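Asker: One structure is given below, represented as structure tokens, and several questions about it will come after.
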Amino acid sequence: MSTSSARSRILTAVAATIAAIVYAAVQLRVVLTADPGAFQALRTAFWHDQLGYLSIVADVATGNLDSVEPVTVTGVNHYPRTYYALVGLAARATGMDAVTAWNLISSLIQIAAVVMLAVVMSVLARRWWVGAFAPLPFFTGTLSAVTSGSWLTGLEHHAVLWGPYGVLFSNNAETAGLSIIVIVLSALALVWARPARRSARITVSVLAAAALGSLSGFQTYSFITGIYLVSAILAANYLRRAHWGWIAATAAAVLVVVVAGPLIADRVGQLPTLVFGLLPAAPGLIRGLLATRGALALYAAITVATAAPQIGWTVSGILGGDPFLAYRVASNVNLGVFDVRTAIASLPVVLPFLLITIIAARRRDTFGVAALIGTAVTAAMLALNDLWGANAEPYRFWIDLFLLGGVILALGAARLYGGVPTRTEARSSDQHATRTTTPWIRAGIAVCALVYVVSLADLWLYSTDATMNATWNPGSSRESAIAAAAHAADSSEGGLIVSDTCIDPRTTKVVSAAPIAYFYLGMAWPAEVDAVSEVMSGRDDDLLPADSLLVSDTRWLVTDSACATTPALDGAEKTREDSFDYAGTDGSGSITLWRLSTP
């Protein structure tokens with residue numbers, strides 16, 4: 001290894017380290033600094049769903065790998081759970097609690113994504129310091145601070161527009177999935193956006209295909225986004241020098257999806273419609289299959305094989321008439337982003353996207369133009385999927401592609417800055433020399449930079465928002481007492497546990513992994529869903545009906561002496577089983593475990 005090469009690698013590592021530190025200081029600050037210590041506290045903003053996913057982690061950490069509704073540990077769970085199971089296995093192997101494993105593993109994956117992006121940006125730009133700018137796509141705001149005075153923009157129902165930090169802070173499977181897509185895009189750019197050995201391209205492509213396919217078991221939306229994005233970029237790449245007939249076929253496919261999508265959705269449902277939405281990529285992929293003499297089929301087969309387990313499991317639930325899956329599809333209403341507010345929120349990414357596309361076209365960088373067009377088409381198809389029938393939470397796809405579009409921009413800009421040879425420069429010995437920019441390009445860069453800087457106000461409001469900085473300590477004295485009571489019930493004779501209104505059944509599940517009389521309507525349903533629902537309602541009303549307790553197999557009640565009320569029992573009786581004292585910053589008192597008896 002030459003001295004200059006070694007120095008370049010060291011400096012690239014320095015840039016990646018800077019990027020990682022900046023990202024951690026901004027995005028991971030709360031989980032690194034909150035009491036009682038690094039990675040040990042859970043952020044409570046929008047945490048309802050996260051507590052549900054942590055239920056899976058807690059179950060697996062205690063040895064339960066079954067695909068059941070995770071809170072009651074009954075019924076069937078068709079929700080993607082591979083990532084949560086892996087986090088649970090890591091917790092079990094290392095002795096970490098569920099929350100610590102949740103935070104630590106997600107943080108490591110995010111840092112890996114930033115470091116990978118930083119390294120590839122430095123390599124493509126052929127300037128080591130460029131990699132230090134890798135965190136920028138993760139910090140882009142939606143101009144909400146200007147338009148709404150907040151760090152987010154609310155649309156209809158529960159749809160929102162916010163920067164990437166709004167989806168990454170939760171440390172769930174979507175966070176991991178998006179981070180893995182960033183790694184995949186960066187790795188593919190490293191070997192395909194610059195000269196590389198054929199063996200390197202094959203190896204990276206195989207690993208990328210396997211990673212994308214595995215995301216089906218992580219989170220549906222990140223999986224679909226990754227598949228759409230890579231497919232569209234590939235298709236656009238193979239259409240670069242295609243006969244007009246291929247282009248016409250692609251345009252016709254878009255029209256077919258728009259017209260036939262709603263009809264297909266009515267007949268076969270949401271998931272098949274999303275698959276149908278890939279039709280516009282078919283002409284380009286077919287041409288790629290011919291151009292690579294079938295090599296592209298290998299990568300497709302690997303993706304399908306790694307995605308098949310979760311897809312097959314979900315399809316089996318649909319064919320079996322799983323009532324939860326039917327409810328899940330029907331609940332996706334009024335979540336579209338076709339709104340002038342979306343157009344404004346998109347400007348920090350759309351403006352530089354247009355500028356980079358124009359620059360790439362002027363440089364005759366057809367590869368870069370194809371990647372940008374493929375990304376734009378993906379964003380349009382997925383963020384507007386309610387308009388062509390799929391109706392699968394369009395705002396979620398908009399948020400995902402707001403991040404991934406920024407990543408594609410960063411990679412494309414680095415490649416252009418490093419020097420893409422035009423037809424007349426192809427033989428130049430200094431292909432990465434700085435090119436003269438026209439006044440209008442400099443003006444465009446200035447406008448894009450200004451809009452981006454203004455968008456950072458969203459990040460500031462997000463970072464200083466008290467709600468976004470609030471955390472929960474699962475290891476507090478009170479939570480430990482609640483966990484002890486739940487463990488005592490679970491180890492005695494089983495059955496579900498219900499609590500008074502001062503004890504959160506969601507956190508009780510996370511700290512104990514015991515079966516609790518509670519479930520998440522949008523994730524999975526227990527075997528006795530109606531009875532458990534009645535117990536949940538009775539708890540909220542401080543009146544537990546005996547028939548619902550009996551049918552749901554709820555045998556235990558946990559109460560806090562500090563609570564003003566205790567649930568009354570309608571036709572049932574309770575017997576004191578044990579008590580556990582607590583004292584700390586969250587107060588003092590006693591957690592009591594009661595055995596419930598029904599006629």
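Here, A, B, ... name the chains of the structure tokens in the order displayed, residue numbers run from 1 inside each chain, and ligands are numbered from 1 in the same displayed order.
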Skipping near chain neighbours, those fewer than 2 positions away, what residues fall within 12 Å of A:Ala113 using only C-alpha atoms, listed as an mmCIF file with N, CA and C atoms, in the first residue's frame?
Answerer:
data_model
loop_
_atom_site.group_PDB
_atom_site.id
_atom_site.type_symbol
_atom_site.label_atom_id
_atom_site.label_comp_id
_atom_site.auth_asym_id
_atom_site.auth_seq_id
_atom_site.Cartn_x
_atom_site.Cartn_y
_atom_site.Cartn_z
ATOM 1 N N ALA A 16 -15.473 9.984 8.356
ATOM 2 C CA ALA A 16 -16.569 9.113 8.795
ATOM 3 C C ALA A 16 -16.779 9.212 10.300
ATOM 4 N N ALA A 19 -18.589 12.412 11.026
ATOM 5 C CA ALA A 19 -19.999 12.254 10.675
ATOM 6 C C ALA A 19 -20.747 11.474 11.748
ATOM 7 N N ALA A 20 -20.129 10.410 12.243
ATOM 8 C CA ALA A 20 -20.771 9.577 13.272
ATOM 9 C C ALA A 20 -20.967 10.359 14.565
ATOM 10 N N TYR A 23 -23.765 12.942 14.100
ATOM 11 C CA TYR A 23 -25.064 12.272 14.086
ATOM 12 C C TYR A 23 -25.468 11.837 15.494
ATOM 13 N N ALA A 24 -24.536 11.229 16.208
ATOM 14 C CA ALA A 24 -24.839 10.757 17.561
ATOM 15 C C ALA A 24 -25.188 11.919 18.483
ATOM 16 N N SER A 106 -30.272 -0.472 17.715
ATOM 17 C CA SER A 106 -30.727 0.517 16.735
ATOM 18 C C SER A 106 -29.676 1.607 16.532
ATOM 19 N N SER A 107 -29.068 2.066 17.613
ATOM 20 C CA SER A 107 -28.049 3.114 17.513
ATOM 21 C C SER A 107 -26.857 2.636 16.696
ATOM 22 N N LEU A 108 -26.442 1.401 16.909
ATOM 23 C CA LEU A 108 -25.312 0.862 16.158
ATOM 24 C C LEU A 108 -25.626 0.764 14.667
ATOM 25 N N ILE A 109 -26.859 0.360 14.328
ATOM 26 C CA ILE A 109 -27.246 0.258 12.923
ATOM 27 C C ILE A 109 -27.283 1.640 12.283
ATOM 28 N N GLN A 110 -27.803 2.627 13.002
ATOM 29 C CA GLN A 110 -27.852 3.989 12.469
ATOM 30 C C GLN A 110 -26.445 4.545 12.240
ATOM 31 N N ILE A 111 -25.562 4.345 13.215
ATOM 32 C CA ILE A 111 -24.184 4.813 13.063
ATOM 33 C C ILE A 111 -23.508 4.119 11.885
ATOM 34 N N VAL A 115 -21.801 6.041 8.769
ATOM 35 C CA VAL A 115 -20.398 5.785 8.444
ATOM 36 C C VAL A 115 -20.259 5.256 7.016
ATOM 37 N N MET A 116 -21.141 4.344 6.632
ATOM 38 C CA MET A 116 -21.084 3.804 5.275
ATOM 39 C C MET A 116 -21.312 4.896 4.247
ATOM 40 N N LEU A 117 -22.315 5.733 4.486
ATOM 41 C CA LEU A 117 -22.589 6.834 3.571
ATOM 42 C C LEU A 117 -21.405 7.791 3.506
ATOM 43 N N ALA A 118 -20.799 8.077 4.652
ATOM 44 C CA ALA A 118 -19.656 8.994 4.695
ATOM 45 C C ALA A 118 -18.480 8.455 3.892
ATOM 46 N N VAL A 119 -18.173 7.183 4.063
ATOM 47 C CA VAL A 119 -17.047 6.579 3.346
ATOM 48 C C VAL A 119 -17.278 6.624 1.838
ATOM 49 N N VAL A 120 -18.476 6.260 1.416
ATOM 50 C CA VAL A 120 -18.766 6.231 -0.021
ATOM 51 C C VAL A 120 -18.768 7.639 -0.603
ATOM 52 N N ALA A 134 -22.029 13.635 5.600
ATOM 53 C CA ALA A 134 -22.986 12.531 5.504
ATOM 54 C C ALA A 134 -24.226 12.698 6.382
ATOM 55 N N PRO A 135 -24.145 13.336 7.560
ATOM 56 C CA PRO A 135 -25.369 13.473 8.372
ATOM 57 C C PRO A 135 -26.419 14.401 7.779
ATOM 58 N N PRO A 137 -28.378 14.578 5.071
ATOM 59 C CA PRO A 137 -29.694 14.068 4.652
ATOM 60 C C PRO A 137 -30.583 13.666 5.829
ATOM 61 N N PHE A 138 -29.978 13.315 6.953
ATOM 62 C CA PHE A 138 -30.746 12.889 8.122
ATOM 63 C C PHE A 138 -31.318 14.075 8.897
ATOM 64 N N LEU A 168 -36.718 8.260 12.715
ATOM 65 C CA LEU A 168 -35.572 7.486 13.190
ATOM 66 C C LEU A 168 -35.433 7.464 14.708
ATOM 67 N N THR A 175 -36.777 2.212 11.782
ATOM 68 C CA THR A 175 -35.484 2.878 11.905
ATOM 69 C C THR A 175 -34.381 1.983 11.367
ATOM 70 N N ALA A 176 -34.387 0.728 11.796
ATOM 71 C CA ALA A 176 -33.374 -0.226 11.339
ATOM 72 C C ALA A 176 -33.490 -0.479 9.843
ATOM 73 N N GLY A 177 -34.719 -0.618 9.348
ATOM 74 C CA GLY A 177 -34.919 -0.892 7.930
ATOM 75 C C GLY A 177 -34.423 0.237 7.049
ATOM 76 N N LEU A 178 -34.755 1.468 7.403
ATOM 77 C CA LEU A 178 -34.284 2.609 6.620
ATOM 78 C C LEU A 178 -32.763 2.729 6.679
ATOM 79 N N SER A 179 -32.193 2.464 7.838
ATOM 80 C CA SER A 179 -30.732 2.523 7.968
ATOM 81 C C SER A 179 -30.073 1.475 7.082
ATOM 82 N N ILE A 180 -30.662 0.295 7.025
ATOM 83 C CA ILE A 180 -30.111 -0.764 6.176
ATOM 84 C C ILE A 180 -30.233 -0.391 4.702
ATOM 85 N N ILE A 181 -31.336 0.265 4.322
ATOM 86 C CA ILE A 181 -31.471 0.711 2.931
ATOM 87 C C ILE A 181 -30.396 1.743 2.600
ATOM 88 N N VAL A 182 -30.084 2.635 3.538
ATOM 89 C CA VAL A 182 -29.005 3.600 3.323
ATOM 90 C C VAL A 182 -27.682 2.875 3.095
ATOM 91 N N ILE A 183 -27.434 1.833 3.889
ATOM 92 C CA ILE A 183 -26.216 1.037 3.725
ATOM 93 C C ILE A 183 -26.197 0.360 2.358
ATOM 94 N N VAL A 184 -27.332 -0.200 1.960
ATOM 95 C CA VAL A 184 -27.434 -0.886 0.666
ATOM 96 C C VAL A 184 -27.189 0.090 -0.481
ATOM 97 N N LEU A 185 -27.849 1.244 -0.447
ATOM 98 C CA LEU A 185 -27.674 2.231 -1.522
ATOM 99 C C LEU A 185 -26.228 2.701 -1.603
ATOM 100 N N SER A 186 -25.617 2.918 -0.442
ATOM 101 C CA SER A 186 -24.225 3.380 -0.423
ATOM 102 C C SER A 186 -23.293 2.314 -0.979
ATOM 103 N N ALA A 187 -23.514 1.064 -0.570
ATOM 104 C CA ALA A 187 -22.657 -0.031 -1.036
ATOM 105 C C ALA A 187 -22.791 -0.228 -2.544
ATOM 106 N N LEU A 404 -34.480 8.979 2.018
ATOM 107 C CA LEU A 404 -33.720 8.231 1.014
ATOM 108 C C LEU A 404 -33.450 9.073 -0.231
ATOM 109 N N VAL A 407 -30.421 10.920 0.589
ATOM 110 C CA VAL A 407 -29.235 10.063 0.506
ATOM 111 C C VAL A 407 -28.783 9.912 -0.945
#
Asker: Within stretch 434-590 of chain A, find each residue whose DSSP state, derived from the backbone, is helix (DSSP H, G or I), and express the selection as a PyMOL selection string.
Answerer: chain A and resi 439-464+466-469+477-492+505-512+529-540+546-552
Asker: Of the residues A:Ala379, A:Val14, A:Leu544, A:Leu152, which is the one nearest to A:Val167, using only C-alpha atoms?
Answerer: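 Of all the options, A:Leu152 lies closest to A:Val167.
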Asker: Which residues of stretch 164-259 of chain A come within 7 Å of stretch 389-403 of chain A, and what is each one's closest atom pair and distance in Å (one decimal), counting only C-alpha atoms, sorted by chain and residue number, as a Markdown table?
Answerer:
| residue | atom | partner | partner_atom | distance |
| --- | --- | --- | --- | --- |
| A:Pro164 | CA | A:Leu403 | CA | 5.5 |
| A:Tyr221 | CA | A:Phe397 | CA | 6.9 |
| A:Thr225 | CA | A:Phe397 | CA | 6.9 |
Asker: Per residue of stretch 383-501 of chain A within 10 Å of stretch 524-537 of chain A, note the shortest atom pair and the distance in Å to one decimal, counting only C-alpha atoms, and order the rows by chain and increasing residue number, as JSON lines.
Answerer:
{"residue": "A:Leu496", "atom": "CA", "partner": "A:Val532", "partner_atom": "CA", "distance": 9.4}
{"residue": "A:Val498", "atom": "CA", "partner": "A:Val535", "partner_atom": "CA", "distance": 7.8}
{"residue": "A:Ser499", "atom": "CA", "partner": "A:Met536", "partner_atom": "CA", "distance": 9.4}
Asker: Determine the nearest neighbour of A:Ala564 from the options A:Met523, A:Leu11, A:Cys502, A:Ile311, counting only C-alpha atoms.
Answerer: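 Comparing A:Met523, A:Leu11, A:Cys502, A:Ile311 against A:Ala564, the winner is A:Cys502.
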Asker: Leaving out A:Ser463 and any residue of its chain fewer than 6 positions from it, which residues lie within 12 Å of it when counting only C-alpha atoms, given as a list in words?
Answerer: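 What passes the distance filter is Ala25, Val26, Gln27, Leu28, Arg29, Val30, Phe139, Ser150, Trp151, Gly163, Tyr165, Gly166, Phe169, Leu456, Ala457, Asn469 and Ala470 of chain A.
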Asker: With distances taken over only C-alpha atoms, which of A:Val453, A:Leu279, A:Ala326, A:Ile516 is nearest to A:Ser552?
Answerer: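 Of all the options, A:Ile516 lies closest to A:Ser552.
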